[in-house]
>>> print(open('work-v6.cif').read())   # mmCIF, C-alpha atoms
data_my_file
loop_
_atom_site.label_atom_id
_atom_site.label_comp_id
_atom_site.auth_asym_id
_atom_site.auth_seq_id
_atom_site.Cartn_x
_atom_site.Cartn_y
_atom_site.Cartn_z
CA ARG A 1 -4.93 13.70 3.48
CA THR A 2 -3.50 13.75 0.00
CA GLU A 3 -0.51 11.70 -1.05
CA ALA A 4 1.43 11.11 -4.23
CA VAL A 5 2.96 7.78 -3.36
CA SER A 6 3.97 4.43 -4.71
CA GLN A 7 4.62 2.57 -1.50
CA GLY A 8 3.10 2.49 1.95
CA VAL A 9 3.72 1.78 5.61
CA GLU A 10 0.26 1.20 7.02
CA GLU A 11 -1.62 -2.07 6.81
CA GLY A 12 -4.85 -1.98 8.83
CA GLY A 13 -8.32 -0.89 7.80
CA LYS A 14 -11.30 -2.40 6.11
CA GLY A 15 -11.23 -5.63 4.20
CA GLN A 16 -11.99 -5.93 0.53
CA ARG A 17 -15.55 -5.87 -0.66
CA ARG A 18 -16.70 -9.33 -1.63
CA ARG A 19 -17.55 -9.67 -5.28
CA GLY A 20 -21.25 -10.25 -5.72
CA SER A 21 -22.12 -8.89 -2.26
CA MET A 22 -23.73 -5.82 -3.81
CA ALA A 23 -24.40 -4.25 -7.18
CA LYS A 24 -21.24 -3.53 -9.14
CA SER A 25 -20.31 0.10 -9.56
CA PRO A 26 -20.05 1.55 -13.08
CA ILE A 27 -16.63 2.15 -14.56
CA SER A 28 -15.86 4.11 -17.71
CA VAL A 29 -13.28 2.27 -19.82
CA LEU A 30 -11.12 4.20 -22.27
CA LYS A 31 -9.10 2.01 -24.64
CA LEU A 32 -6.26 3.69 -26.52
CA SER A 33 -3.46 2.53 -28.76
CA ARG A 34 -0.08 4.25 -29.05
CA HIS A 35 -1.29 7.39 -27.35
CA CYS A 36 1.17 10.09 -26.26
CA VAL A 37 2.17 9.36 -22.65
CA PHE A 38 2.45 13.04 -21.73
CA ASP A 39 -1.10 13.70 -22.91
CA LEU A 40 -2.27 10.50 -21.19
CA LEU A 41 -0.82 11.52 -17.82
CA ARG A 42 -2.35 14.99 -18.11
CA LEU A 43 -5.74 13.40 -18.84
CA GLU A 44 -5.45 10.97 -15.92
CA GLU A 45 -4.61 13.82 -13.56
CA ALA A 46 -7.60 15.82 -14.78
CA LEU A 47 -10.00 12.87 -14.44
CA LEU A 48 -8.68 12.15 -10.95
CA ARG A 49 -8.96 15.72 -9.71
CA THR A 50 -11.99 17.13 -11.52
CA THR A 51 -14.48 14.24 -11.83
CA ARG A 52 -16.18 11.93 -9.35
CA ARG A 53 -16.48 9.01 -11.75
CA THR A 54 -14.54 5.75 -11.77
CA TRP A 55 -12.31 5.13 -14.77
CA CYS A 56 -10.01 2.58 -16.33
CA ILE A 57 -7.62 3.70 -19.06
CA ILE A 58 -5.75 1.14 -21.13
CA ASN A 59 -3.08 2.43 -23.50
CA ASP A 60 -1.48 -0.23 -25.69
CA GLY A 61 1.90 1.25 -26.53
CA VAL A 62 3.53 4.68 -26.57
CA PRO A 63 4.39 6.17 -30.00
CA ASP A 64 7.47 8.18 -28.99
CA PRO A 65 9.92 6.79 -26.43
CA ALA A 66 9.98 8.61 -23.11
CA VAL A 67 11.64 8.37 -19.73
CA VAL A 68 9.07 9.03 -17.00
CA MET A 69 10.12 9.94 -13.44
CA GLY A 70 8.05 10.14 -10.27
CA ILE A 71 7.09 13.55 -8.94
CA SER A 72 10.07 13.73 -6.57
CA GLY A 73 12.61 12.30 -9.04
CA LYS A 74 15.79 14.21 -9.89
CA LYS A 75 17.16 13.67 -13.39
CA GLU A 76 20.79 13.93 -12.29
CA ASN A 77 20.29 10.90 -10.01
CA LEU A 78 18.08 8.78 -12.24
CA VAL A 79 18.75 9.56 -15.90
CA ASN A 80 21.79 9.29 -18.16
CA VAL A 81 21.12 12.70 -19.63
CA GLU A 82 23.61 12.61 -22.51
CA GLU A 83 22.47 9.14 -23.60
CA THR A 84 18.83 10.22 -23.41
CA LYS A 85 19.60 13.26 -25.56
CA ARG A 86 21.55 11.15 -28.04
CA GLN A 87 18.61 8.81 -28.51
CA GLY A 88 16.10 11.65 -28.80
CA VAL A 89 14.07 10.39 -25.84
CA LYS A 90 11.79 12.79 -23.97
CA LEU A 91 11.93 13.21 -20.19
CA ILE A 92 8.65 13.57 -18.28
CA LYS A 93 7.89 14.06 -14.60
CA ARG A 94 4.49 12.59 -13.69
CA PHE A 95 2.09 13.64 -10.93
CA THR A 96 2.50 10.44 -8.89
CA GLY A 97 5.44 9.05 -6.95
CA GLY A 98 7.36 5.87 -7.69
CA GLY A 99 10.35 4.97 -9.79
CA THR A 100 11.67 5.87 -13.23
CA VAL A 101 10.68 3.93 -16.34
CA VAL A 102 11.40 3.91 -20.05
CA LEU A 103 8.26 3.67 -22.18
CA ASP A 104 7.87 2.89 -25.88
CA HIS A 105 5.59 0.98 -28.26
CA ASN A 106 6.12 -2.21 -26.22
CA SER A 107 4.86 -0.67 -22.97
CA ILE A 108 1.25 -1.32 -21.95
CA LEU A 109 -0.22 1.19 -19.51
CA VAL A 110 -3.24 0.43 -17.32
CA SER A 111 -4.71 2.98 -14.91
CA LEU A 112 -7.55 2.68 -12.39
CA ILE A 113 -9.09 5.89 -11.04
CA CYS A 114 -11.71 5.26 -8.37
CA GLU A 115 -14.16 7.15 -6.24
CA ALA A 116 -13.55 5.43 -2.90
CA GLU A 117 -17.23 5.33 -1.96
CA HIS A 118 -18.09 3.35 -5.11
CA GLY A 119 -14.91 1.33 -5.64
CA PRO A 120 -13.58 -1.82 -4.00
CA GLU A 121 -13.73 -1.70 -0.21
CA VAL A 122 -10.11 -1.21 0.69
CA SER A 123 -8.39 0.96 3.25
CA LEU A 124 -7.14 4.20 1.69
CA PHE A 125 -3.50 3.71 2.58
CA PRO A 126 -0.74 2.84 0.14
CA ARG A 127 0.02 -0.75 1.16
CA PRO A 128 -3.57 -2.08 1.44
CA LEU A 129 -4.42 -0.55 -1.93
CA MET A 130 -1.31 -2.01 -3.53
CA LYS A 131 -2.19 -5.44 -2.07
CA TRP A 132 -5.73 -5.18 -3.47
CA THR A 133 -4.29 -4.68 -6.95
CA GLU A 134 -2.27 -7.88 -6.50
CA THR A 135 -5.59 -9.67 -5.90
CA PHE A 136 -7.13 -7.93 -8.91
CA TYR A 137 -4.35 -9.07 -11.24
CA GLN A 138 -3.87 -12.57 -9.81
CA PRO A 139 -6.24 -14.27 -12.33
CA VAL A 140 -4.47 -12.44 -15.18
CA PHE A 141 -0.93 -13.50 -14.30
CA GLY A 142 -1.26 -16.40 -11.85
CA PRO A 143 -1.77 -19.06 -14.54
CA HIS A 144 1.49 -18.05 -16.25
CA GLY A 145 4.03 -18.09 -13.44
CA GLU A 146 4.89 -17.29 -9.83
CA PHE A 147 3.10 -13.94 -9.79
CA ARG A 148 3.36 -11.69 -6.76
CA LEU A 149 3.63 -8.12 -5.54
CA SER A 150 7.29 -7.61 -4.64
CA GLU A 151 7.43 -4.40 -2.59
CA THR A 152 5.74 -2.07 -5.11
CA ASP A 153 6.42 -4.05 -8.31
CA TYR A 154 4.66 -6.89 -10.09
CA THR A 155 7.02 -9.82 -10.59
CA PHE A 156 7.26 -13.38 -11.73
CA GLY A 157 9.52 -14.77 -9.05
CA GLU A 158 12.22 -12.15 -8.54
CA ARG A 159 11.97 -10.52 -11.98
CA LYS A 160 9.94 -7.37 -12.53
CA PHE A 161 7.50 -6.90 -15.40
CA GLY A 162 5.26 -4.16 -14.01
CA GLY A 163 5.95 -0.93 -12.14
CA ASN A 164 3.29 0.81 -10.07
CA ALA A 165 2.55 4.27 -8.74
CA GLN A 166 -0.43 5.58 -6.76
CA TYR A 167 -2.16 8.75 -5.71
CA ILE A 168 -4.53 8.70 -2.73
CA SER A 169 -6.77 11.42 -1.36
CA LYS A 170 -9.57 11.25 1.23
CA SER A 171 -12.18 10.29 -1.37
CA ARG A 172 -10.38 9.22 -4.56
CA TRP A 173 -7.44 7.09 -5.58
CA LEU A 174 -5.44 6.30 -8.68
CA HIS A 175 -3.28 3.28 -9.36
CA HIS A 176 -1.36 3.09 -12.61
CA THR A 177 0.98 0.47 -13.96
CA SER A 178 3.47 0.27 -16.80
CA PHE A 179 3.73 -3.32 -18.07
CA LEU A 180 6.79 -4.46 -20.06
CA TRP A 181 5.46 -6.49 -22.96
CA ASP A 182 8.95 -6.16 -24.43
CA TYR A 183 11.80 -3.69 -24.13
CA ASP A 184 14.68 -2.23 -26.09
CA SER A 185 18.01 -2.81 -24.33
CA GLU A 186 19.45 0.35 -25.89
CA LYS A 187 16.65 2.46 -24.41
CA MET A 188 17.39 1.00 -20.99
CA ARG A 189 20.76 2.77 -21.18
CA CYS A 190 18.86 6.02 -20.62
CA LEU A 191 18.43 4.98 -16.98
CA LYS A 192 21.04 5.08 -14.25
CA HIS A 193 21.09 2.43 -11.58
CA PRO A 194 18.79 4.11 -9.00
CA PRO A 195 20.39 5.31 -5.77
CA LYS A 196 17.46 3.78 -3.87
CA GLU A 197 16.26 0.39 -5.05
CA PRO A 198 13.90 -2.37 -3.87
CA VAL A 199 15.59 -4.80 -1.52
CA TYR A 200 14.67 -7.74 -3.74
CA ARG A 201 16.56 -6.21 -6.69
CA GLU A 202 19.87 -6.98 -4.94
CA LYS A 203 21.87 -4.56 -7.11
CA ARG A 204 21.05 -6.46 -10.30
CA SER A 205 21.41 -4.67 -13.65
CA HIS A 206 18.30 -3.72 -15.60
CA GLU A 207 18.81 -6.71 -17.90
CA ASP A 208 18.97 -9.16 -14.98
CA PHE A 209 16.16 -7.49 -13.05
CA ILE A 210 13.35 -7.08 -15.57
CA LEU A 211 11.33 -9.60 -17.58
CA ARG A 212 9.45 -9.37 -20.85
CA LEU A 213 5.78 -10.33 -20.50
CA SER A 214 6.04 -11.67 -24.05
CA GLU A 215 8.16 -14.49 -22.60
CA THR A 216 5.35 -15.70 -20.34
CA MET A 217 1.97 -14.63 -21.77
CA PRO A 218 0.42 -16.29 -24.84
CA SER A 219 -0.22 -13.02 -26.71
CA ARG A 220 -0.55 -9.29 -26.23
CA GLY A 221 -4.23 -9.46 -27.14
CA ALA A 222 -4.86 -12.25 -24.62
CA PHE A 223 -3.27 -10.11 -21.88
CA LEU A 224 -5.46 -7.11 -22.71
CA ASP A 225 -8.57 -9.32 -22.83
CA SER A 226 -7.74 -10.77 -19.40
CA VAL A 227 -7.47 -7.31 -17.86
CA GLN A 228 -10.90 -6.40 -19.23
CA ASP A 229 -12.31 -9.69 -17.92
CA GLN A 230 -11.14 -8.69 -14.46
CA LEU A 231 -12.81 -5.31 -14.77
CA ARG A 232 -16.10 -7.15 -15.31
CA GLU A 233 -15.51 -9.15 -12.12
CA TYR A 234 -15.34 -6.03 -9.96
CA PHE A 235 -17.20 -3.33 -11.90
CA ASP A 236 -19.93 -2.71 -14.46
CA PRO A 237 -17.81 -1.45 -17.39
CA HIS A 238 -18.90 0.66 -20.33
CA THR A 239 -16.62 1.94 -23.07
CA VAL A 240 -16.07 5.64 -23.67
CA THR A 241 -14.21 7.55 -26.36
CA LEU A 242 -11.25 9.86 -25.88
CA GLU A 243 -13.50 12.81 -26.72
CA GLN A 244 -16.00 11.76 -24.02
CA ALA A 245 -13.22 11.44 -21.44
CA ARG A 246 -11.82 14.87 -22.34
CA SER A 247 -15.29 16.37 -22.13
CA ALA A 248 -15.85 14.86 -18.67
CA ALA A 249 -12.55 16.31 -17.47
CA ASP A 250 -13.39 19.72 -18.93
CA ARG A 251 -16.80 19.73 -17.22
CA GLY A 252 -15.34 18.71 -13.86
CA LYS A 253 -15.58 20.99 -10.87
CA GLY A 254 -12.34 20.17 -9.09
CA PRO A 255 -9.00 21.97 -9.34
CA ALA A 256 -7.47 21.51 -12.78
CA LEU A 257 -3.88 21.13 -11.58
CA LYS A 258 -1.25 20.03 -14.07
CA SER A 259 1.64 18.53 -12.16
CA THR A 260 2.85 16.38 -15.09
CA LYS A 261 5.60 18.28 -16.89
CA LEU A 262 8.14 17.90 -19.68
CA ILE A 263 11.65 18.29 -18.28
CA ASP A 264 14.49 19.93 -20.20
CA LEU A 265 17.53 17.74 -20.74
#
>>> encode(input="work-v6.cif", output="structure tokens")
Amino acid sequence: RTEAVSQGVEEGGKGQRRRGSMAKSPISVLKLSRHCVFDLLRLEEALLRTTRRTWCIINDGVPDPAVVMGISGKKENLVNVEETKRQGVKLIKRFTGGGTVVLDHNSILVSLICEAEHGPEVSLFPRPLMKWTETFYQPVFGPHGEFRLSETDYTFGERKFGGNAQYISKSRWLHHTSFLWDYDSEKMRCLKHPPKEPVYREKRSHEDFILRLSETMPSRGAFLDSVQDQLREYFDPHTVTLEQARSAADRGKGPALKSTKLIDL
């Protein structure tokens, strides 16, 4: 079973592996700054499909603004095309499901790509995996507010600061998040109000619905450090370079599909 999803309907399955109950699995950590989001998504897809290793990719900022839709998104329903053109913003369709986001230098992207056999013990269905990530991030955000998973979003109370999407196959999964450290209100005008929205949004505008992490966290660096601390709680991390990650993807034996695409406006 292969899915490109960002939300789920099934709950059961195995419980989470207890930290410390066995040796931690290795995880390759790639830390980037202001890396092209199109190239990043292509790399993530290649590492997911062609390698059997576990990865975490942290990208602190995107150099060129982009609107990114889920794989089933339709630009006419989700994007103000003329406004996006006017602002010179690219439109990208990624290989996972989920909603539409605007990314720029104030977006922080964190992706986990796991081999199920060596990752956290969690049922390979959308909702249990999403709930596990809430547990993973609780020590990062819990001290700073009323953190919770609201449907498929990370929120403080009823205001969203992180959007999630997932890809699950029988032996591997990917969970990636775009965190709003800050945002540009003008760039938000590239997005239409989505025809399908989370219940908790209650038809609120983007401005009333989303929250800047900079309003709640002490510093951008402290946030990034906390995420890496959590990696050490669950995995045995070692840092890799971009060249090493590309090489691993090139040497992989799986299908080198490229579902992430630039979309004409």
>>> resolve_selection(input="work-v6.cif", expression="the PyMOL selection byres ((chain A and resi 248) around 10)", output="PyMOL selection string")
chain A and resi 46-47+50-53+242-247+249-253
>>> closest_residue(input="work-v6.cif", among="A:Asp236, A:Glu207, A:Glu115, A:Asp60", to="A:Lys160", atoms="only C-alpha atoms")
A:Glu207
>>> resolve_selection(input="work-v6.cif", expression="the PyMOL selection byres ((chain A and resi 70) around 8)", output="PyMOL selection string")
chain A and resi 68-69+71-73+93-100
>>> closest_residue(input="work-v6.cif", among="A:Leu231, A:Val89, A:Ala116, A:Leu262", to="A:Asp39", atoms="all atoms listed in the file")
A:Leu262
>>> closest_residue(input="work-v6.cif", among="A:Leu48, A:Glu134, A:Cys190, A:Leu43", to="A:Pro65", atoms="only C-alpha atoms")
A:Cys190
>>> atom_distance(input="work-v6.cif", atom1="atom CA of A:Gln87", atom2="atom CA of A:Lys187")
7.8 Å
>>> resolve_selection(input="work-v6.cif", expression="the PyMOL selection byres ((chain A and resi 169-178) around 10)", output="VMD selection string")
chain A and resid 1 to 6 41 44 to 45 47 to 49 51 to 59 61 96 101 to 103 107 to 119 124 to 126 129 to 130 133 153 to 154 161 to 168 179 to 181
>>> atom_distance(input="work-v6.cif", atom1="atom CA of A:His193", atom2="atom CA of A:Ile92")
18.0 Å
>>> atom_distance(input="work-v6.cif", atom1="atom CA of A:Leu30", atom2="atom CA of A:Val240")
5.3 Å
>>> residues_around(input="work-v6.cif", residues="A:Lys131", least_positions_apart="4", cutoff="8 Å", atoms="all atoms listed in the file", output="mmCIF file with C-alpha atoms, in the coordinates of the input")
data_model
loop_
_atom_site.group_PDB
_atom_site.id
_atom_site.type_symbol
_atom_site.label_atom_id
_atom_site.label_comp_id
_atom_site.auth_asym_id
_atom_site.auth_seq_id
_atom_site.Cartn_x
_atom_site.Cartn_y
_atom_site.Cartn_z
ATOM 1 C CA ARG A 127 0.020 -0.750 1.160
ATOM 2 C CA THR A 135 -5.590 -9.670 -5.900
ATOM 3 C CA LEU A 149 3.630 -8.120 -5.540
#
>>> decode(input="work-v6.cif", residues="stretch 45-191 of chain A", atoms="C-alpha atoms", output="PDB file, in the first residue's frame")
ATOM      1  CA  GLU A  45      11.562  12.170  -2.943  1.00  0.00           C
ATOM      2  CA  ALA A  46      14.742  10.495  -4.184  1.00  0.00           C
ATOM      3  CA  LEU A  47      15.936   9.653  -0.658  1.00  0.00           C
ATOM      4  CA  LEU A  48      12.508   8.255   0.207  1.00  0.00           C
ATOM      5  CA  ARG A  49      12.196   6.094  -2.883  1.00  0.00           C
ATOM      6  CA  THR A  50      15.754   4.997  -3.642  1.00  0.00           C
ATOM      7  CA  THR A  51      17.468   4.529  -0.257  1.00  0.00           C
ATOM      8  CA  ARG A  52      16.745   2.417   2.812  1.00  0.00           C
ATOM      9  CA  ARG A  53      18.338   4.829   5.266  1.00  0.00           C
ATOM     10  CA  THR A  54      16.647   7.090   7.792  1.00  0.00           C
ATOM     11  CA  TRP A  55      17.063  10.828   7.264  1.00  0.00           C
ATOM     12  CA  CYS A  56      16.239  14.182   8.772  1.00  0.00           C
ATOM     13  CA  ILE A  57      16.527  17.280   6.595  1.00  0.00           C
ATOM     14  CA  ILE A  58      16.363  20.732   8.147  1.00  0.00           C
ATOM     15  CA  ASN A  59      16.221  23.703   5.787  1.00  0.00           C
ATOM     16  CA  ASP A  60      16.325  27.097   7.493  1.00  0.00           C
ATOM     17  CA  GLY A  61      14.635  29.381   4.998  1.00  0.00           C
ATOM     18  CA  VAL A  62      13.830  29.371   1.287  1.00  0.00           C
ATOM     19  CA  PRO A  63      15.726  31.877  -0.918  1.00  0.00           C
ATOM     20  CA  ASP A  64      13.023  32.501  -3.533  1.00  0.00           C
ATOM     21  CA  PRO A  65       9.362  32.691  -2.510  1.00  0.00           C
ATOM     22  CA  ALA A  66       7.202  29.818  -3.710  1.00  0.00           C
ATOM     23  CA  VAL A  67       3.654  28.573  -3.409  1.00  0.00           C
ATOM     24  CA  VAL A  68       3.669  24.803  -2.857  1.00  0.00           C
ATOM     25  CA  MET A  69       0.551  22.684  -3.447  1.00  0.00           C
ATOM     26  CA  GLY A  70      -0.138  19.067  -2.538  1.00  0.00           C
ATOM     27  CA  ILE A  71      -0.041  16.454  -5.277  1.00  0.00           C
ATOM     28  CA  SER A  72      -3.793  16.630  -5.912  1.00  0.00           C
ATOM     29  CA  GLY A  73      -4.040  20.431  -5.681  1.00  0.00           C
ATOM     30  CA  LYS A  74      -5.550  22.462  -8.519  1.00  0.00           C
ATOM     31  CA  LYS A  75      -4.162  25.969  -8.970  1.00  0.00           C
ATOM     32  CA  GLU A  76      -7.497  27.432 -10.067  1.00  0.00           C
ATOM     33  CA  ASN A  77      -9.013  26.445  -6.698  1.00  0.00           C
ATOM     34  CA  LEU A  78      -6.096  27.276  -4.420  1.00  0.00           C
ATOM     35  CA  VAL A  79      -3.965  30.036  -5.938  1.00  0.00           C
ATOM     36  CA  ASN A  80      -4.607  33.646  -6.914  1.00  0.00           C
ATOM     37  CA  VAL A  81      -2.786  33.194 -10.181  1.00  0.00           C
ATOM     38  CA  GLU A  82      -2.586  36.843 -11.268  1.00  0.00           C
ATOM     39  CA  GLU A  83      -1.354  37.964  -7.844  1.00  0.00           C
ATOM     40  CA  THR A  84       1.234  35.171  -7.794  1.00  0.00           C
ATOM     41  CA  LYS A  85       2.455  36.229 -11.236  1.00  0.00           C
ATOM     42  CA  ARG A  86       2.575  39.880 -10.192  1.00  0.00           C
ATOM     43  CA  GLN A  87       4.769  39.065  -7.224  1.00  0.00           C
ATOM     44  CA  GLY A  88       7.051  36.782  -9.241  1.00  0.00           C
ATOM     45  CA  VAL A  89       6.339  33.797  -6.994  1.00  0.00           C
ATOM     46  CA  LYS A  90       6.907  30.273  -8.315  1.00  0.00           C
ATOM     47  CA  LEU A  91       4.234  27.575  -8.138  1.00  0.00           C
ATOM     48  CA  ILE A  92       5.304  24.025  -7.235  1.00  0.00           C
ATOM     49  CA  LYS A  93       3.349  20.789  -6.889  1.00  0.00           C
ATOM     50  CA  ARG A  94       5.015  18.446  -4.388  1.00  0.00           C
ATOM     51  CA  PHE A  95       4.928  14.643  -4.255  1.00  0.00           C
ATOM     52  CA  THR A  96       2.908  14.468  -1.016  1.00  0.00           C
ATOM     53  CA  GLY A  97      -0.668  15.407  -0.227  1.00  0.00           C
ATOM     54  CA  GLY A  98      -1.847  18.140   2.106  1.00  0.00           C
ATOM     55  CA  GLY A  99      -2.619  21.808   1.769  1.00  0.00           C
ATOM     56  CA  THR A 100      -1.108  24.791  -0.009  1.00  0.00           C
ATOM     57  CA  VAL A 101       1.566  26.957   1.610  1.00  0.00           C
ATOM     58  CA  VAL A 102       3.613  30.039   0.821  1.00  0.00           C
ATOM     59  CA  LEU A 103       7.303  29.613   1.600  1.00  0.00           C
ATOM     60  CA  ASP A 104      10.070  32.209   1.854  1.00  0.00           C
ATOM     61  CA  HIS A 105      13.157  33.035   3.927  1.00  0.00           C
ATOM     62  CA  ASN A 106      11.058  32.929   7.110  1.00  0.00           C
ATOM     63  CA  SER A 107       9.867  29.354   6.541  1.00  0.00           C
ATOM     64  CA  ILE A 108      11.683  26.541   8.349  1.00  0.00           C
ATOM     65  CA  LEU A 109      11.291  23.095   6.785  1.00  0.00           C
ATOM     66  CA  VAL A 110      11.865  19.867   8.716  1.00  0.00           C
ATOM     67  CA  SER A 111      11.509  16.435   7.109  1.00  0.00           C
ATOM     68  CA  LEU A 112      11.767  12.946   8.603  1.00  0.00           C
ATOM     69  CA  ILE A 113      12.253  10.013   6.226  1.00  0.00           C
ATOM     70  CA  CYS A 114      12.224   6.657   7.997  1.00  0.00           C
ATOM     71  CA  GLU A 115      12.688   3.002   7.257  1.00  0.00           C
ATOM     72  CA  ALA A 116       9.780   1.576   9.244  1.00  0.00           C
ATOM     73  CA  GLU A 117      11.757  -1.400  10.538  1.00  0.00           C
ATOM     74  CA  HIS A 118      14.353   0.888  12.149  1.00  0.00           C
ATOM     75  CA  GLY A 119      12.242   3.911  13.063  1.00  0.00           C
ATOM     76  CA  PRO A 120       9.843   4.593  15.925  1.00  0.00           C
ATOM     77  CA  GLU A 121       7.352   1.789  16.469  1.00  0.00           C
ATOM     78  CA  VAL A 122       4.184   3.313  15.123  1.00  0.00           C
ATOM     79  CA  SER A 123       1.385   1.925  12.991  1.00  0.00           C
ATOM     80  CA  LEU A 124       1.890   2.812   9.324  1.00  0.00           C
ATOM     81  CA  PHE A 125      -1.374   4.654   8.893  1.00  0.00           C
ATOM     82  CA  PRO A 126      -1.754   8.408   8.543  1.00  0.00           C
ATOM     83  CA  ARG A 127      -3.354   9.291  11.876  1.00  0.00           C
ATOM     84  CA  PRO A 128      -1.106   7.223  14.205  1.00  0.00           C
ATOM     85  CA  LEU A 129       1.977   8.577  12.452  1.00  0.00           C
ATOM     86  CA  MET A 130       0.718  12.146  12.697  1.00  0.00           C
ATOM     87  CA  LYS A 131       0.003  11.627  16.419  1.00  0.00           C
ATOM     88  CA  TRP A 132       3.527  10.271  16.956  1.00  0.00           C
ATOM     89  CA  THR A 133       4.956  13.484  15.515  1.00  0.00           C
ATOM     90  CA  GLU A 134       2.889  15.453  18.037  1.00  0.00           C
ATOM     91  CA  THR A 135       4.672  13.467  20.770  1.00  0.00           C
ATOM     92  CA  PHE A 136       8.024  14.065  19.077  1.00  0.00           C
ATOM     93  CA  TYR A 137       7.533  17.842  18.990  1.00  0.00           C
ATOM     94  CA  GLN A 138       5.861  18.229  22.394  1.00  0.00           C
ATOM     95  CA  PRO A 139       9.132  19.023  24.263  1.00  0.00           C
ATOM     96  CA  VAL A 140      10.012  21.588  21.572  1.00  0.00           C
ATOM     97  CA  PHE A 141       6.764  23.557  21.707  1.00  0.00           C
ATOM     98  CA  GLY A 142       5.023  22.527  24.934  1.00  0.00           C
ATOM     99  CA  PRO A 143       6.991  24.922  27.169  1.00  0.00           C
ATOM    100  CA  HIS A 144       5.936  27.892  25.005  1.00  0.00           C
ATOM    101  CA  GLY A 145       2.172  27.538  24.777  1.00  0.00           C
ATOM    102  CA  GLU A 146      -0.857  25.301  24.361  1.00  0.00           C
ATOM    103  CA  PHE A 147       0.717  23.086  21.702  1.00  0.00           C
ATOM    104  CA  ARG A 148      -1.338  20.412  19.993  1.00  0.00           C
ATOM    105  CA  LEU A 149      -2.024  18.614  16.742  1.00  0.00           C
ATOM    106  CA  SER A 150      -5.220  20.149  15.358  1.00  0.00           C
ATOM    107  CA  GLU A 151      -6.426  17.798  12.622  1.00  0.00           C
ATOM    108  CA  THR A 152      -3.243  17.772  10.492  1.00  0.00           C
ATOM    109  CA  ASP A 153      -1.716  21.077  11.657  1.00  0.00           C
ATOM    110  CA  TYR A 154       0.497  22.089  14.556  1.00  0.00           C
ATOM    111  CA  THR A 155      -1.134  24.858  16.565  1.00  0.00           C
ATOM    112  CA  PHE A 156      -0.858  26.929  19.684  1.00  0.00           C
ATOM    113  CA  GLY A 157      -4.473  26.913  20.780  1.00  0.00           C
ATOM    114  CA  GLU A 158      -6.502  27.456  17.624  1.00  0.00           C
ATOM    115  CA  ARG A 159      -3.785  29.215  15.597  1.00  0.00           C
ATOM    116  CA  LYS A 160      -1.646  27.328  13.110  1.00  0.00           C
ATOM    117  CA  PHE A 161       2.135  27.647  12.900  1.00  0.00           C
ATOM    118  CA  GLY A 162       3.048  24.383  11.165  1.00  0.00           C
ATOM    119  CA  GLY A 163       1.572  22.497   8.217  1.00  0.00           C
ATOM    120  CA  ASN A 164       2.222  18.799   7.666  1.00  0.00           C
ATOM    121  CA  ALA A 165       2.171  16.314   4.825  1.00  0.00           C
ATOM    122  CA  GLN A 166       3.060  12.614   4.752  1.00  0.00           C
ATOM    123  CA  TYR A 167       3.887   9.776   2.413  1.00  0.00           C
ATOM    124  CA  ILE A 168       3.512   6.188   3.619  1.00  0.00           C
ATOM    125  CA  SER A 169       4.442   2.940   1.905  1.00  0.00           C
ATOM    126  CA  LYS A 170       4.636  -0.610   3.276  1.00  0.00           C
ATOM    127  CA  SER A 171       8.211  -0.145   4.508  1.00  0.00           C
ATOM    128  CA  ARG A 172       9.024   3.587   4.488  1.00  0.00           C
ATOM    129  CA  TRP A 173       7.413   6.843   5.502  1.00  0.00           C
ATOM    130  CA  LEU A 174       8.047  10.545   5.181  1.00  0.00           C
ATOM    131  CA  HIS A 175       6.674  13.342   7.320  1.00  0.00           C
ATOM    132  CA  HIS A 176       7.521  16.919   6.428  1.00  0.00           C
ATOM    133  CA  THR A 177       6.528  20.179   8.022  1.00  0.00           C
ATOM    134  CA  SER A 178       6.691  23.827   7.047  1.00  0.00           C
ATOM    135  CA  PHE A 179       7.031  26.010  10.154  1.00  0.00           C
ATOM    136  CA  LEU A 180       6.105  29.715  10.045  1.00  0.00           C
ATOM    137  CA  TRP A 181       8.856  31.547  11.868  1.00  0.00           C
ATOM    138  CA  ASP A 182       7.407  34.701  10.336  1.00  0.00           C
ATOM    139  CA  TYR A 183       5.399  35.540   7.234  1.00  0.00           C
ATOM    140  CA  ASP A 184       4.840  38.298   4.718  1.00  0.00           C
ATOM    141  CA  SER A 185       1.183  39.363   4.605  1.00  0.00           C
ATOM    142  CA  GLU A 186       1.530  40.395   0.959  1.00  0.00           C
ATOM    143  CA  LYS A 187       2.726  36.907  -0.002  1.00  0.00           C
ATOM    144  CA  MET A 188      -0.313  35.420   1.721  1.00  0.00           C
ATOM    145  CA  ARG A 189      -2.425  37.151  -0.941  1.00  0.00           C
ATOM    146  CA  CYS A 190      -1.134  34.536  -3.385  1.00  0.00           C
ATOM    147  CA  LEU A 191      -3.445  32.020  -1.691  1.00  0.00           C
TER     148      LEU A 191
END
